[in-house]
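Text of my_file-v2.txt (compact mmCIF, C-alpha atoms) as supplied:
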```
# COMPACT_ATOMS: atom_id res chain seq x y z
CA MET A 1 -6.79 -23.50 2.58
CA ASN A 2 -9.85 -22.02 4.29
CA TRP A 3 -11.86 -19.08 2.98
CA LEU A 4 -10.01 -16.46 5.04
CA GLU A 5 -6.57 -17.79 4.02
CA TYR A 6 -7.69 -17.71 0.39
CA MET A 7 -8.90 -14.12 0.73
CA VAL A 8 -5.64 -13.10 2.43
CA SER A 9 -3.62 -14.61 -0.45
CA ILE A 10 -5.73 -12.76 -3.04
CA THR A 11 -5.43 -9.56 -1.00
CA GLU A 12 -1.63 -9.88 -0.87
CA ILE A 13 -1.45 -10.18 -4.66
CA LEU A 14 -3.85 -7.25 -5.19
CA GLY A 15 -1.87 -5.13 -2.74
CA THR A 16 1.38 -6.10 -4.44
CA VAL A 17 0.03 -5.09 -7.86
CA ALA A 18 -1.44 -1.83 -6.54
CA PHE A 19 1.75 -0.74 -4.80
CA SER A 20 3.91 -1.84 -7.72
CA ILE A 21 1.89 0.44 -10.00
CA SER A 22 2.29 3.25 -7.47
CA GLY A 23 6.06 2.77 -7.32
CA ALA A 24 6.45 2.37 -11.08
CA MET A 25 4.42 5.48 -11.86
CA THR A 26 6.38 7.50 -9.32
CA ALA A 27 9.58 6.37 -11.07
CA ILE A 28 8.09 7.31 -14.45
CA ARG A 29 7.15 10.75 -13.11
CA LYS A 30 10.77 11.14 -11.94
CA LYS A 31 11.94 10.16 -15.45
CA MET A 32 13.83 7.05 -14.30
CA ASP A 33 14.89 4.39 -16.80
CA ILE A 34 13.34 0.93 -17.04
CA LEU A 35 15.56 -0.47 -14.29
CA GLY A 36 14.58 2.33 -11.95
CA VAL A 37 10.90 1.75 -12.73
CA VAL A 38 11.14 -1.97 -11.92
CA VAL A 39 13.24 -1.49 -8.79
CA LEU A 40 10.95 1.20 -7.40
CA GLY A 41 7.90 -0.89 -8.23
CA VAL A 42 9.28 -3.94 -6.45
CA VAL A 43 10.55 -2.01 -3.42
CA THR A 44 7.18 -0.29 -3.01
CA ALA A 45 5.32 -3.57 -3.34
CA VAL A 46 7.34 -5.73 -0.94
CA GLY A 47 9.14 -3.19 1.26
CA GLY A 48 6.41 -2.90 3.88
CA GLY A 49 6.09 -6.67 4.11
CA VAL A 50 9.83 -7.10 4.57
CA ILE A 51 9.86 -4.55 7.42
CA ARG A 52 6.83 -6.30 8.97
CA ASP A 53 8.43 -9.74 8.84
CA LEU A 54 11.71 -8.55 10.32
CA LEU A 55 9.79 -6.88 13.17
CA LEU A 56 7.84 -10.09 13.85
CA GLY A 57 10.91 -12.31 13.62
CA ILE A 58 9.92 -14.00 10.34
CA THR A 59 13.23 -14.70 8.63
CA PRO A 60 13.87 -14.73 5.82
CA PRO A 61 10.94 -12.43 5.01
CA ALA A 62 8.08 -13.85 2.95
CA ALA A 63 9.15 -11.86 -0.13
CA PHE A 64 12.35 -13.95 -0.25
CA GLN A 65 10.72 -17.26 0.67
CA ASN A 66 8.11 -17.02 -2.06
CA PRO A 67 9.26 -15.15 -5.19
CA VAL A 68 5.71 -14.91 -6.56
CA TYR A 69 5.28 -11.45 -5.01
CA VAL A 70 8.47 -10.09 -6.56
CA ALA A 71 7.41 -11.65 -9.87
CA TRP A 72 3.99 -9.97 -9.74
CA ALA A 73 5.58 -6.66 -8.78
CA SER A 74 8.21 -6.86 -11.55
CA GLY A 75 5.68 -7.79 -14.22
CA THR A 76 3.31 -5.04 -13.17
CA ALA A 77 6.07 -2.42 -13.16
CA LEU A 78 7.24 -3.49 -16.62
CA LEU A 79 3.69 -3.29 -17.95
CA ALA A 80 3.27 0.19 -16.47
CA PHE A 81 6.53 1.25 -18.14
CA VAL A 82 5.47 -0.06 -21.55
CA LEU A 83 2.02 1.52 -21.37
CA ALA A 84 3.38 4.86 -20.18
CA ARG A 85 6.09 4.89 -22.85
CA HIS A 86 3.57 4.50 -25.65
CA THR A 87 0.55 6.39 -24.31
CA TRP A 88 1.79 9.04 -21.85
CA SER A 89 1.37 12.73 -22.58
CA GLU A 90 1.32 15.86 -20.45
CA LYS A 91 -2.44 16.08 -21.02
CA ASP A 92 -2.77 12.92 -18.93
CA ARG A 93 -1.25 14.48 -15.82
CA TYR A 94 -4.58 15.02 -14.01
CA TRP A 95 -5.74 11.45 -14.57
CA PHE A 96 -2.26 10.22 -13.76
CA GLU A 97 -2.41 11.84 -10.31
CA MET A 98 -5.94 10.55 -9.70
CA PHE A 99 -5.01 7.00 -10.67
CA LEU A 100 -1.81 7.11 -8.65
CA ASN A 101 -3.74 8.22 -5.56
CA LEU A 102 -6.32 5.45 -6.08
CA VAL A 103 -3.86 2.56 -6.46
CA ASP A 104 -1.69 3.91 -3.65
CA SER A 105 -4.76 4.07 -1.38
CA LEU A 106 -5.80 0.55 -2.37
CA GLY A 107 -2.34 -0.81 -1.61
CA LEU A 108 -2.26 1.08 1.69
CA GLY A 109 -5.58 -0.40 2.80
CA LEU A 110 -4.87 -3.96 1.71
CA PHE A 111 -1.41 -4.10 3.28
CA ALA A 112 -2.56 -2.51 6.53
CA VAL A 113 -5.04 -5.36 6.87
CA ILE A 114 -2.46 -7.99 5.90
CA GLY A 115 -0.08 -6.60 8.52
CA VAL A 116 -2.65 -7.03 11.29
CA GLU A 117 -3.54 -10.53 10.12
CA THR A 118 0.13 -11.54 10.03
CA ALA A 119 0.67 -10.29 13.59
CA VAL A 120 -2.38 -12.27 14.75
CA GLU A 121 -1.14 -15.41 12.99
CA CYS A 122 2.22 -15.01 14.74
CA GLY A 123 0.48 -15.21 18.11
CA TYR A 124 0.17 -11.52 18.94
CA GLY A 125 -3.59 -11.31 18.58
CA GLU A 126 -4.08 -10.32 22.23
CA ASN A 127 -1.69 -7.39 21.82
CA GLY A 128 -3.80 -4.81 20.03
CA PHE A 129 -1.13 -2.11 20.06
CA LEU A 130 1.44 -4.35 18.38
CA SER A 131 -1.02 -5.76 15.85
CA ILE A 132 -2.27 -2.33 14.78
CA PHE A 133 1.25 -0.87 14.74
CA VAL A 134 2.45 -3.71 12.49
CA GLY A 135 -0.56 -3.14 10.23
CA VAL A 136 0.21 0.57 9.84
CA LEU A 137 3.90 -0.14 9.26
CA THR A 138 3.10 -2.74 6.61
CA GLY A 139 0.85 -0.26 4.85
CA VAL A 140 3.18 2.74 4.89
CA GLY A 141 6.59 1.02 4.78
CA GLY A 142 6.76 0.46 1.03
CA GLY A 143 5.57 3.99 0.31
CA MET A 144 8.19 5.45 2.65
CA LEU A 145 10.95 3.55 0.85
CA ARG A 146 9.50 4.60 -2.53
CA ASP A 147 9.39 8.29 -1.69
CA THR A 148 12.84 8.24 -0.09
CA MET A 149 14.39 6.55 -3.12
CA ALA A 150 12.57 9.02 -5.39
CA GLY A 151 14.03 11.96 -3.47
CA GLU A 152 10.77 13.10 -1.87
CA VAL A 153 9.58 13.62 1.69
CA PRO A 154 7.49 10.49 2.42
CA LYS A 155 3.74 11.01 2.13
CA ILE A 156 3.27 9.76 5.66
CA PHE A 157 4.79 13.04 6.90
CA ARG A 158 3.10 15.48 4.57
CA LYS A 159 0.12 14.26 2.57
CA ARG A 160 -3.58 13.79 3.22
CA ILE A 161 -3.65 12.00 6.60
CA TYR A 162 -1.84 9.03 5.07
CA ALA A 163 -0.82 7.21 8.25
CA LEU A 164 -4.12 7.95 9.99
CA ALA A 165 -6.00 6.28 7.14
CA ALA A 166 -3.85 3.16 7.53
CA MET A 167 -4.39 3.24 11.30
CA ALA A 168 -8.16 3.49 10.87
CA GLY A 169 -8.18 0.48 8.56
CA ALA A 170 -5.93 -1.56 10.84
CA MET A 171 -8.09 -0.78 13.88
CA VAL A 172 -11.34 -1.64 12.09
CA TYR A 173 -9.93 -4.98 10.97
CA TYR A 174 -8.48 -5.83 14.37
CA TYR A 175 -11.67 -5.07 16.27
CA THR A 176 -14.18 -6.56 13.79
CA ALA A 177 -12.45 -9.71 12.48
CA ASP A 178 -13.64 -12.74 14.49
CA ARG A 179 -15.65 -10.41 16.73
CA LEU A 180 -18.41 -8.88 14.64
CA ILE A 181 -18.53 -9.68 10.94
CA GLY A 182 -15.82 -12.31 10.39
CA GLY A 183 -12.38 -12.15 8.82
CA ALA A 184 -13.23 -11.90 5.11
CA GLY A 185 -15.89 -9.23 5.60
CA ALA A 186 -13.68 -7.27 7.98
CA LEU A 187 -10.82 -7.45 5.49
CA TRP A 188 -12.72 -5.73 2.71
CA LEU A 189 -14.49 -3.33 5.05
CA ALA A 190 -11.18 -2.11 6.47
CA ALA A 191 -9.55 -1.81 3.03
CA ALA A 192 -12.57 0.08 1.65
CA LEU A 193 -12.46 2.45 4.63
CA VAL A 194 -8.82 3.34 3.94
CA VAL A 195 -9.54 3.98 0.25
CA ALA A 196 -12.58 6.11 1.13
CA ILE A 197 -10.64 8.20 3.65
CA ARG A 198 -7.80 8.78 1.19
CA ILE A 199 -10.14 9.75 -1.66
CA LEU A 200 -12.11 12.12 0.55
CA ALA A 201 -8.87 13.60 1.90
CA ALA A 202 -7.64 14.21 -1.65
CA HIS A 203 -10.95 15.73 -2.77
CA PHE A 204 -11.40 18.04 0.22
CA GLU A 205 -7.64 18.60 0.68
CA TRP A 206 -7.58 17.37 4.27
CA ASP A 207 -4.15 17.62 5.88
CA LEU A 208 -2.85 17.54 9.41
CA PRO A 209 -1.84 20.91 10.91
CA ARG A 210 1.63 22.17 10.09
CA VAL A 211 3.72 25.27 10.75
CA LYS A 212 3.44 27.72 7.86
```
What do you get writing this file as C-alpha cells?
Amino acid sequence: MNWLEYMVSITEILGTVAFSISGAMTAIRKKMDILGVVVLGVVTAVGGGVIRDLLLGITPPAAFQNPVYVAWASGTALLAFVLARHTWSEKDRYWFEMFLNLVDSLGLGLFAVIGVETAVECGYGENGFLSIFVGVLTGVGGGMLRDTMAGEVPKIFRKRIYALAAMAGAMVYYYTADRLIGGAGALWLAAALVVAIRILAAHFEWDLPRVK
C-alpha cells in the first residue's frame, strides 16, 4: 500500500465516523430509539458510497464487500447514543448544533474527495465532469438519505451552500492531485476547503437565493 492509498483508507474511516456521528445525532434530535440511531448513523455513513459504487458499476458496493465501514459506523452511532443519553440536556443545544455542523462538514469534505479518487481509480480520470459529479454525489448522498429518513428537506436543497461546498472540494482535488501538490496534500487541502466554506456559511448565514 503506497502513501496515497494509506491516506485514502484513513480518510474513508474518518469520513465514516464523522457522518455516522451526524446521522446518529440527527436521530437523537428526532427522539428515535437506539435502533433508529444506529440505522440512521450507518445509512448516513455508507449511503453516499453505495450510490457512488452503483453509479460506477462497482458491485456489490464496497460497504458490503468490506464490513469494516458498517462496523465503524455502528460503533460510533452506539457511542453517540450512550453519551447523549447520559450527558444531554437542553442547555447543550447550541453546542450540539455547532458540533453537528462541524462533523457533517468534515464528512462532506472527506467523502467528496474519496468520490473523485474512486472515479479516477475506475479509469474515469480524463472525464472531469463525471469525476467531480461522483465526488459531489458521494459527499451529499448519505446526508440526503439521512434527512429524508428523518422527515426533513435535505440540506442540499436548503442549507448553507451545502452542495456547492462539496463541488468546490471535489474540483480542487481533481485539478490539484497529481498536477500541482500531489494526492495526499490535495486530499487534505480539498477537505479543509469544504469544512472552511461550511463553517463560514454557518457563521455568516450564507444561503443560495430562494423565493420568499
Wanna dump the range 38-114 of chain A-range 189-212 of chain A contacts at 6 Å for me, each residue with its shortest atom pair and the distance in Å to one decimal, counting only C-alpha atoms, ordered by chain and number, as a Markdown table?
```
| residue | atom | partner | partner_atom | distance |
| --- | --- | --- | --- | --- |
| A:Ser105 | CA | A:Val195 | CA | 5.1 |
| A:Leu106 | CA | A:Val195 | CA | 5.7 |
| A:Gly109 | CA | A:Ala191 | CA | 4.2 |
| A:Leu110 | CA | A:Ala191 | CA | 5.3 |
```
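Rounded to one decimal, CA of Ala71 in chain A and CA of Val50 in chain A lie 15.3 Å from each other.
Each of A:Ala150, A:Val172, A:Leu164, A:Val136 was checked against Phe111 in chain A using only C-alpha atoms; the smallest atom-to-atom distance is that of A:Val136.
The space between CA of Val134 in chain A and CA of Met7 in chain A spans 19.4 Å.
Atom pair CA of Val116 in chain A / CA of Phe19 in chain A: separated by 17.8 Å.
Proximity of A:Leu40, A:Leu35, A:Val82, A:Leu100 to Ser22 in chain A, computed with only C-alpha atoms, is greatest for A:Leu100.
Nearest to Val68 in chain A of all the residues A:Ala184, A:Leu54, A:Val17, A:Ala119 is A:Val17, based on only C-alpha atoms.
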*Selection near Gly151 in chain A, 12 Å with only C-alpha atoms, sequence-local residues under 3 positions removed, as an MDAnalysis selection string*: chainID A and resid 26:27 29:30 32 40 144:148 154:155
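Proximity to Ala163 in chain A at 10 Å, evaluated using all atoms listed in the file and with sequence-adjacent residues fewer than 5 positions away removed, yields Leu108, Val136, Leu137, Gly139, Val140, Lys155, Ile156, Phe157, Arg158, Ala168, Gly169 and Val194 of chain A.
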Residues within 9 Å of Ile13 in chain A, please, as a list in words. Count all atoms listed in the file; anything in the same chain fewer than 2 positions from it doesn't count.
Val8, Ser9, Ile10, Thr11, Gly15, Thr16, Val17, Ala18, Val68, Tyr69, Trp72 and Ala73 of chain A
